[in-house]
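Structure data (compact mmCIF, C-alpha atoms) from protein29.txt:
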# COMPACT_ATOMS: atom_id res chain seq x y z
CA MET A 7 82.72 103.48 112.75
CA LEU A 8 82.24 99.78 111.98
CA ASN A 9 81.55 99.02 108.33
CA ARG A 10 81.41 96.27 105.69
CA LEU A 11 83.63 98.04 103.20
CA LYS A 12 86.37 95.41 103.21
CA VAL A 13 83.86 92.59 102.61
CA LEU A 14 82.05 94.47 99.85
CA ARG A 15 85.36 95.28 98.22
CA ALA A 16 86.54 91.66 98.44
CA GLU A 17 83.26 90.42 96.92
CA ARG A 18 84.08 92.46 93.84
CA ASP A 19 87.72 91.42 93.88
CA TRP A 20 88.84 95.03 94.23
CA ASN A 21 91.95 96.04 96.12
CA GLN A 22 92.06 99.28 98.13
CA GLN A 23 93.54 101.21 95.22
CA ASP A 24 90.73 100.02 92.89
CA LEU A 25 88.12 101.28 95.34
CA ALA A 26 90.05 104.50 95.92
CA ASP A 27 90.17 105.16 92.16
CA ARG A 28 86.43 104.55 91.81
CA LEU A 29 85.69 106.92 94.69
CA GLY A 30 88.26 109.53 93.64
CA VAL A 31 90.07 109.42 97.00
CA SER A 32 93.49 108.25 98.17
CA ARG A 33 94.27 104.63 99.04
CA GLN A 34 95.10 105.80 102.57
CA SER A 35 91.55 107.18 102.86
CA VAL A 36 90.03 103.82 101.95
CA ASN A 37 92.33 102.12 104.44
CA ALA A 38 91.46 104.59 107.21
CA ILE A 39 87.71 104.20 106.59
CA GLU A 40 87.89 100.39 106.40
CA THR A 41 89.79 100.13 109.66
CA GLY A 42 87.43 102.56 111.40
CA LYS A 43 90.16 105.15 111.99
CA TYR A 44 88.28 107.78 109.99
CA ASP A 45 84.56 108.40 109.59
CA PRO A 46 83.75 109.64 106.08
CA SER A 47 81.71 112.79 105.54
CA LEU A 48 78.07 112.35 104.54
CA PRO A 49 78.78 113.18 100.85
CA LEU A 50 81.58 110.56 100.73
CA ALA A 51 79.41 108.02 102.57
CA PHE A 52 76.71 108.57 99.91
CA ARG A 53 79.30 108.11 97.15
CA ILE A 54 80.39 104.82 98.71
CA ALA A 55 76.78 103.65 99.09
CA GLU A 56 75.92 104.59 95.49
CA LEU A 57 79.02 102.78 94.20
CA PHE A 58 77.90 99.54 95.86
CA GLY A 59 74.20 100.13 95.13
CA LEU A 60 73.34 99.94 98.81
CA ALA A 61 71.93 102.23 101.49
CA ILE A 62 74.43 103.89 103.82
CA GLU A 63 73.17 101.92 106.81
CA GLU A 64 73.76 98.67 104.90
CA ILE A 65 77.46 99.52 104.79
CA PHE A 66 78.07 101.51 107.97
CA THR A 67 76.90 100.47 111.43
CA SER A 68 75.38 103.25 113.48
CA PRO A 69 77.72 104.09 116.40
CA SER A 70 74.74 103.81 118.75
CA LYS A 71 74.35 100.13 117.73
CA ASP A 72 78.02 99.18 118.13
CA MET B 6 109.80 99.24 92.73
CA SER B 7 108.25 98.48 96.14
CA ASP B 8 106.91 101.05 98.62
CA THR B 9 109.78 100.22 100.99
CA VAL B 10 112.43 100.77 98.32
CA ARG B 11 110.86 104.11 97.32
CA SER B 12 110.74 105.24 100.98
CA SER B 13 114.38 104.20 101.42
CA SER B 14 115.34 106.12 98.28
CA SER B 15 113.52 109.20 99.62
CA ARG B 16 115.31 108.92 102.98
CA ALA B 17 118.65 108.43 101.20
CA TRP B 18 118.18 111.71 99.33
CA VAL B 19 117.27 113.52 102.56
CA ALA B 20 120.44 112.12 104.15
CA ALA B 21 122.51 113.12 101.11
CA PHE B 22 121.07 116.66 101.25
CA LEU B 23 121.75 117.06 104.98
CA ILE B 24 125.27 115.62 104.72
CA ALA B 25 126.10 117.82 101.71
CA THR B 26 124.78 121.08 103.19
CA PHE B 27 125.98 120.59 106.78
CA GLY B 28 129.19 118.95 105.54
CA THR B 29 130.20 121.76 103.22
CA GLY B 30 128.94 124.32 105.76
CA ALA B 31 131.07 122.79 108.53
CA MET B 32 134.12 122.47 106.25
CA LYS B 33 133.74 126.14 105.34
CA ALA B 34 133.27 127.15 108.99
CA PHE B 35 136.39 125.22 110.07
CA GLY B 36 138.43 126.56 107.17
CA LEU B 37 138.91 123.19 105.45
CA ILE B 38 137.61 124.74 102.24
CA THR B 39 137.90 128.45 101.53
CA GLY B 40 137.21 131.14 98.97
CA PRO B 41 134.56 131.33 96.26
CA LEU B 42 134.81 127.57 95.63
CA SER B 43 133.64 126.81 99.18
CA THR B 44 130.65 129.15 98.77
CA ALA B 45 129.85 127.61 95.37
CA LEU B 46 130.02 124.07 96.82
CA PHE B 47 127.84 125.05 99.76
CA LEU B 48 125.23 126.67 97.53
CA ALA B 49 125.39 123.81 94.99
CA SER B 50 124.58 121.33 97.77
CA PHE B 51 121.12 122.94 97.98
CA LEU B 52 120.41 121.75 94.43
CA LEU B 53 119.93 118.33 96.05
CA ILE B 54 116.52 119.73 97.06
CA ILE B 55 115.35 118.83 93.53
CA PRO B 56 116.08 115.05 93.53
CA MET B 57 115.06 114.94 97.21
CA ALA B 58 111.64 116.41 96.39
CA ARG B 59 111.20 114.08 93.40
CA ALA B 60 112.12 110.99 95.44
CA ASN B 61 109.67 112.11 98.11
CA GLN B 62 106.93 112.43 95.47
CA ARG B 63 107.66 108.90 94.21
CA ALA B 64 107.51 107.57 97.77
CA MET B 65 104.20 109.36 98.36
CA ALA B 66 102.79 108.02 95.09
CA ALA B 67 103.77 104.51 96.20
CA ARG B 68 101.85 105.06 99.45
CA GLY B 69 98.83 106.24 97.45
CA VAL B 70 98.81 109.77 98.84
CA ASN B 71 100.24 111.77 95.97
CA SER B 72 97.15 113.79 95.08
CA PRO B 73 97.24 116.51 92.37
CA ALA B 74 97.13 119.12 95.16
CA MET B 75 100.12 117.48 96.85
CA ILE B 76 102.06 117.43 93.55
CA ARG B 77 101.39 121.16 93.07
CA TYR B 78 102.39 121.80 96.71
CA SER B 79 105.68 119.90 96.31
CA ARG B 80 106.51 121.87 93.18
CA ARG B 81 105.68 125.23 94.81
CA PHE B 82 107.62 124.37 97.95
CA MET B 83 110.66 123.21 95.98
CA VAL B 84 110.73 126.44 93.94
CA ALA B 85 110.31 128.52 97.11
CA SER B 86 113.11 126.58 98.85
CA LEU B 87 115.54 127.16 95.99
CA ALA B 88 114.51 130.84 95.82
CA TYR B 89 115.05 131.11 99.58
CA VAL B 90 118.60 129.78 99.35
CA ALA B 91 119.42 132.13 96.46
CA LEU B 92 117.79 135.24 97.96
CA PHE B 93 118.94 134.64 101.54
CA PHE B 94 122.60 134.24 100.64
CA ALA B 95 122.46 137.06 98.10
CA ALA B 96 120.88 139.38 100.69
CA MET B 97 123.44 138.37 103.35
CA TRP B 98 126.29 138.94 100.92
CA VAL B 99 125.02 142.41 99.97
CA ALA B 100 124.48 143.33 103.64
CA ARG B 101 127.98 142.24 104.68
CA THR B 102 129.85 143.50 101.65
CA TYR B 103 128.30 146.95 101.23
CA GLU B 104 126.87 147.68 104.70
CA PRO B 105 123.94 149.45 102.99
CA ALA B 106 121.61 152.10 104.36
CA THR B 107 118.57 151.25 106.47
CA ALA B 108 116.12 151.45 103.57
CA VAL B 109 118.18 148.96 101.55
CA ARG B 110 118.44 146.62 104.57
CA VAL B 111 114.65 146.70 104.83
CA VAL B 112 114.43 145.65 101.17
CA LEU B 113 116.99 142.87 101.79
CA ALA B 114 114.99 141.61 104.77
CA PHE B 115 111.83 141.49 102.65
CA ALA B 116 113.74 139.69 99.88
CA ALA B 117 114.92 137.00 102.30
CA ALA B 118 111.46 136.65 103.85
CA LEU B 119 109.52 136.54 100.58
CA PRO B 120 110.27 132.87 99.66
CA VAL B 121 109.33 131.78 103.18
CA ILE B 122 106.02 133.62 102.78
CA PHE B 123 105.56 131.69 99.53
CA MET B 124 106.17 128.44 101.45
CA ILE B 125 103.41 129.43 103.88
CA ARG B 126 101.19 130.29 100.91
CA ALA B 127 101.93 126.87 99.38
CA MET B 128 100.75 125.24 102.62
CA ALA B 129 97.58 127.33 102.66
CA LEU B 130 96.87 126.45 99.01
CA LEU B 131 97.44 122.76 99.77
CA LEU B 132 94.75 122.86 102.44
CA ARG B 133 92.38 124.68 100.09
CA GLU B 134 93.07 122.54 97.00
CA GLU B 135 93.27 119.06 98.59
CA LYS B 136 90.06 117.28 97.60
CA ASP B 137 90.74 114.17 99.67
CA GLU B 138 88.89 114.84 102.93
CA TYR B 139 90.92 112.32 104.98
CA LEU B 140 94.27 113.75 103.90
CA ARG B 141 92.95 117.28 104.50
CA SER B 142 91.75 116.39 107.99
CA ARG B 143 95.17 114.93 108.78
CA MET B 144 96.88 118.11 107.59
CA ILE B 145 94.56 120.28 109.66
CA ASP B 146 95.28 118.17 112.76
CA GLN B 147 99.01 118.43 112.08
CA SER B 148 98.71 122.22 111.67
CA LEU B 149 96.85 122.52 114.98
CA ILE B 150 99.47 120.44 116.78
CA ALA B 151 102.24 122.53 115.17
CA THR B 152 100.49 125.78 116.15
CA GLY B 153 100.06 124.55 119.73
CA ILE B 154 103.74 123.62 119.93
CA LEU B 155 104.84 126.98 118.45
CA LEU B 156 102.64 128.98 120.85
CA THR B 157 103.86 126.94 123.82
CA VAL B 158 107.53 127.27 122.86
CA ALA B 159 107.15 131.01 122.06
CA THR B 160 105.36 131.70 125.35
CA LEU B 161 107.89 129.77 127.43
CA TYR B 162 110.87 131.25 125.61
CA GLY B 163 109.37 134.74 125.80
CA PHE B 164 109.19 134.52 129.58
CA LEU B 165 112.71 133.07 129.78
CA ASN B 166 113.76 136.19 127.85
CA ALA B 167 111.71 138.41 130.15
CA PHE B 168 113.57 137.01 133.14
CA ASP B 169 116.93 137.30 131.32
CA VAL B 170 117.77 133.61 131.53
CA ALA B 171 117.90 132.79 127.80
CA PRO B 172 119.50 134.46 124.79
CA ARG B 173 117.26 136.39 122.41
CA ILE B 174 116.19 134.54 119.26
CA ASP B 175 115.10 136.24 116.04
CA ALA B 176 111.39 136.05 115.24
CA TRP B 177 111.99 134.24 111.93
CA ALA B 178 112.60 131.11 114.03
CA ALA B 179 108.80 130.83 114.37
CA PHE B 180 108.42 129.17 110.97
CA PRO B 181 111.06 126.45 111.44
CA VAL B 182 109.64 125.71 114.91
CA TRP B 183 106.15 125.42 113.38
CA ALA B 184 107.53 123.13 110.65
CA VAL B 185 109.13 120.90 113.29
CA GLY B 186 105.72 120.89 114.99
CA LEU B 187 104.19 119.54 111.77
CA GLY B 188 106.66 116.65 111.88
CA ILE B 189 105.81 115.98 115.53
CA GLY B 190 102.13 116.07 114.54
CA ARG B 191 102.78 113.37 111.96
CA LEU B 192 104.48 111.23 114.60
CA PHE B 193 101.43 111.63 116.87
CA GLN B 194 99.14 110.53 114.06
CA GLY B 195 100.95 107.24 113.78
CA ASP B 196 100.69 106.24 110.11
CA SER B 197 102.54 107.63 107.12
CA ALA B 198 99.63 109.01 105.07
CA CYS B 199 101.06 112.52 104.69
When written as structure tokens, how does the structure in this file appear?
Amino acid sequence: MLNRLKVLRAERDWNQQDLADRLGVSRQSVNAIETGKYDPSLPLAFRIAELFGLAIEEIFTSPSKD
Amino acid sequence: MSDTVRSSSSRAWVAAFLIATFGTGAMKAFGLITGPLSTALFLASFLLIIPMARANQRAMAARGVNSPAMIRYSRRFMVASLAYVALFFAAMWVARTYEPATAVRVVLAFAAALPVIFMIRAMALLLREEKDEYLRSRMIDQSLIATGILLTVATLYGFLNAFDVAPRIDAWAAFPVWAVGLGIGRLFQGDSAC
């Protein structure tokens, strides 16, 4: 799933490990989500959205709109 | 220390372990070393499991995948591996030295199998305790690939046995075949997450 995670992370000057620590997941998870290899569960997607203070659809692009 | 150096260190310990165990095993088999010393050397080589497991943990931490569940799993698996070596060789020694009665042989078989059952339990606990959903999904995929490989190999080999074209293999081989399947599953997944 396409997403703006890398951009949002870069805006805050966080590396993947910083974001992983804030989300309580592994760095590999952040990498897999950023590169679209893994779609996060709804609870994790909400955690990501809440961390950035955005709505889920402002971070993740709906697959039907790819 | 960089990720690459940690991975190299981990691989070096794996190589050292394999060389030590197979090396002393082969030397014993070919009579190059004999007596209690050869047995002691062979068994001592399995102690390399400890630094090997620790180096692997450091490499995993460097890759950012060393979760608390994975640390607990590594510890459980290491203890079970050492217990397996001790119990397996002790059971074999008792069986060969004393040729015990059937009931005792049953107990010996259970003693040898018990650590392997603990390894399987460690894997089950890892799946249950891992909080990282991505790592858990990878493990589940690996387990499914391993199960598919084991069932395929067992079915094929079973029919080769049925048609008397392959030697019989003991059923305990199922676990090592499944473990090899896990490794193949990792290769299919492409990256080195876990």
Notebook entry, point to check: Taking into account all atoms listed in the file, which residue in the set B:Ser148, B:Thr107, B:Thr29, B:Ser79 is nearest to Gly188 (chain B)?
Noted result: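 Among the listed residues, B:Ser148 lies closest to Gly188 (chain B).
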Next item on the list: Rounded to one decimal place, report the CA of Ile24 (chain B)-CA of Phe82 (chain B) distance in Å.
Entry: 20.8 Å
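Take CA of Tyr89 (chain B) and CA of Pro56 (chain B): the distance between them is 17.2 Å.
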Next item on the list: Calculate how many Å separate CA of Glu138 (chain B) from CA of Met7 (chain A), rounding to one decimal.
Entry: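 One can read the CA of Glu138 (chain B) to CA of Met7 (chain A) distance as 16.2 Å.
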Checklist line | Selection near Leu119 (chain B), 12 Å with all atoms listed in the file, sequence-local residues under 4 positions removed, as a PyMOL selection string | finding: chain B and resi 85-86+88-93+96+112-115+123-126+177
Margin query: I need the residue nearest Asp137 (chain B) from this list: A:Asn37, A:Ser32, A:Asn9, A:Thr67. Use only C-alpha atoms for the distance.
Written below: A:Ser32
Generate the coordinates of N, CA and C atoms for region 115-148 of chain B; report them as an mmCIF file, in the frame of the given file.
data_model
loop_
_atom_site.group_PDB
_atom_site.id
_atom_site.type_symbol
_atom_site.label_atom_id
_atom_site.label_comp_id
_atom_site.auth_asym_id
_atom_site.auth_seq_id
_atom_site.Cartn_x
_atom_site.Cartn_y
_atom_site.Cartn_z
ATOM 1 N N PHE B 115 113.044 141.932 103.361
ATOM 2 C CA PHE B 115 111.830 141.490 102.650
ATOM 3 C C PHE B 115 112.182 140.445 101.598
ATOM 4 N N ALA B 116 113.328 140.642 100.919
ATOM 5 C CA ALA B 116 113.740 139.690 99.880
ATOM 6 C C ALA B 116 113.997 138.314 100.481
ATOM 7 N N ALA B 117 114.635 138.290 101.663
ATOM 8 C CA ALA B 117 114.920 137.000 102.300
ATOM 9 C C ALA B 117 113.636 136.347 102.814
ATOM 10 N N ALA B 118 112.695 137.189 103.266
ATOM 11 C CA ALA B 118 111.460 136.650 103.850
ATOM 12 C C ALA B 118 110.458 136.187 102.788
ATOM 13 N N LEU B 119 110.537 136.795 101.608
ATOM 14 C CA LEU B 119 109.520 136.540 100.580
ATOM 15 C C LEU B 119 109.354 135.046 100.232
ATOM 16 N N PRO B 120 110.450 134.299 99.975
ATOM 17 C CA PRO B 120 110.270 132.870 99.660
ATOM 18 C C PRO B 120 109.622 132.084 100.796
ATOM 19 N N VAL B 121 109.933 132.477 102.043
ATOM 20 C CA VAL B 121 109.330 131.780 103.180
ATOM 21 C C VAL B 121 107.815 132.035 103.202
ATOM 22 N N ILE B 122 107.447 133.293 102.861
ATOM 23 C CA ILE B 122 106.020 133.620 102.780
ATOM 24 C C ILE B 122 105.353 132.783 101.680
ATOM 25 N N PHE B 123 106.099 132.542 100.590
ATOM 26 C CA PHE B 123 105.560 131.690 99.530
ATOM 27 C C PHE B 123 105.422 130.238 99.988
ATOM 28 N N MET B 124 106.317 129.791 100.876
ATOM 29 C CA MET B 124 106.170 128.440 101.450
ATOM 30 C C MET B 124 104.883 128.359 102.265
ATOM 31 N N ILE B 125 104.626 129.405 103.055
ATOM 32 C CA ILE B 125 103.410 129.430 103.880
ATOM 33 C C ILE B 125 102.180 129.462 102.969
ATOM 34 N N ARG B 126 102.285 130.232 101.886
ATOM 35 C CA ARG B 126 101.190 130.290 100.910
ATOM 36 C C ARG B 126 100.965 128.919 100.283
ATOM 37 N N ALA B 127 102.063 128.209 99.974
ATOM 38 C CA ALA B 127 101.930 126.870 99.380
ATOM 39 C C ALA B 127 101.180 125.940 100.329
ATOM 40 N N MET B 128 101.443 126.076 101.627
ATOM 41 C CA MET B 128 100.750 125.240 102.620
ATOM 42 C C MET B 128 99.270 125.590 102.677
ATOM 43 N N ALA B 129 98.978 126.899 102.630
ATOM 44 C CA ALA B 129 97.580 127.330 102.660
ATOM 45 C C ALA B 129 96.835 126.823 101.423
ATOM 46 N N LEU B 130 97.497 126.915 100.254
ATOM 47 C CA LEU B 130 96.870 126.450 99.010
ATOM 48 C C LEU B 130 96.645 124.934 99.050
ATOM 49 N N LEU B 131 97.594 124.219 99.662
ATOM 50 C CA LEU B 131 97.440 122.760 99.770
ATOM 51 C C LEU B 131 96.160 122.419 100.535
ATOM 52 N N LEU B 132 95.951 123.123 101.642
ATOM 53 C CA LEU B 132 94.750 122.860 102.440
ATOM 54 C C LEU B 132 93.483 123.195 101.657
ATOM 55 N N ARG B 133 93.561 124.246 100.848
ATOM 56 C CA ARG B 133 92.380 124.680 100.090
ATOM 57 C C ARG B 133 92.130 123.769 98.886
ATOM 58 N N GLU B 134 93.219 123.290 98.251
ATOM 59 C CA GLU B 134 93.070 122.540 97.000
ATOM 60 C C GLU B 134 92.914 121.031 97.201
ATOM 61 N N GLU B 135 93.334 120.520 98.371
ATOM 62 C CA GLU B 135 93.270 119.060 98.590
ATOM 63 C C GLU B 135 91.806 118.618 98.623
ATOM 64 N N LYS B 136 91.456 117.740 97.686
ATOM 65 C CA LYS B 136 90.060 117.280 97.600
ATOM 66 C C LYS B 136 89.806 116.063 98.479
ATOM 67 N N ASP B 137 90.879 115.387 98.862
ATOM 68 C CA ASP B 137 90.740 114.170 99.670
ATOM 69 C C ASP B 137 90.491 114.567 101.128
ATOM 70 N N GLU B 138 89.265 114.330 101.609
ATOM 71 C CA GLU B 138 88.890 114.840 102.930
ATOM 72 C C GLU B 138 89.716 114.232 104.067
ATOM 73 N N TYR B 139 90.119 112.967 103.918
ATOM 74 C CA TYR B 139 90.920 112.320 104.980
ATOM 75 C C TYR B 139 92.301 112.966 105.065
ATOM 76 N N LEU B 140 92.949 113.126 103.907
ATOM 77 C CA LEU B 140 94.270 113.750 103.900
ATOM 78 C C LEU B 140 94.191 115.178 104.426
ATOM 79 N N ARG B 141 93.105 115.892 104.034
ATOM 80 C CA ARG B 141 92.950 117.280 104.500
ATOM 81 C C ARG B 141 92.759 117.322 106.015
ATOM 82 N N SER B 142 91.977 116.385 106.534
ATOM 83 C CA SER B 142 91.750 116.390 107.990
ATOM 84 C C SER B 142 93.047 116.090 108.742
ATOM 85 N N ARG B 143 93.874 115.207 108.155
ATOM 86 C CA ARG B 143 95.170 114.930 108.780
ATOM 87 C C ARG B 143 96.048 116.184 108.795
ATOM 88 N N MET B 144 96.057 116.897 107.660
ATOM 89 C CA MET B 144 96.880 118.110 107.590
ATOM 90 C C MET B 144 96.407 119.158 108.592
ATOM 91 N N ILE B 145 95.095 119.291 108.718
ATOM 92 C CA ILE B 145 94.560 120.280 109.660
ATOM 93 C C ILE B 145 94.955 119.904 111.090
ATOM 94 N N ASP B 146 94.862 118.620 111.417
ATOM 95 C CA ASP B 146 95.280 118.170 112.760
ATOM 96 C C ASP B 146 96.759 118.464 112.988
ATOM 97 N N GLN B 147 97.578 118.167 111.964
ATOM 98 C CA GLN B 147 99.010 118.430 112.080
ATOM 99 C C GLN B 147 99.269 119.929 112.301
ATOM 100 N N SER B 148 98.528 120.770 111.548
ATOM 101 C CA SER B 148 98.710 122.220 111.670
ATOM 102 C C SER B 148 98.334 122.697 113.076
#
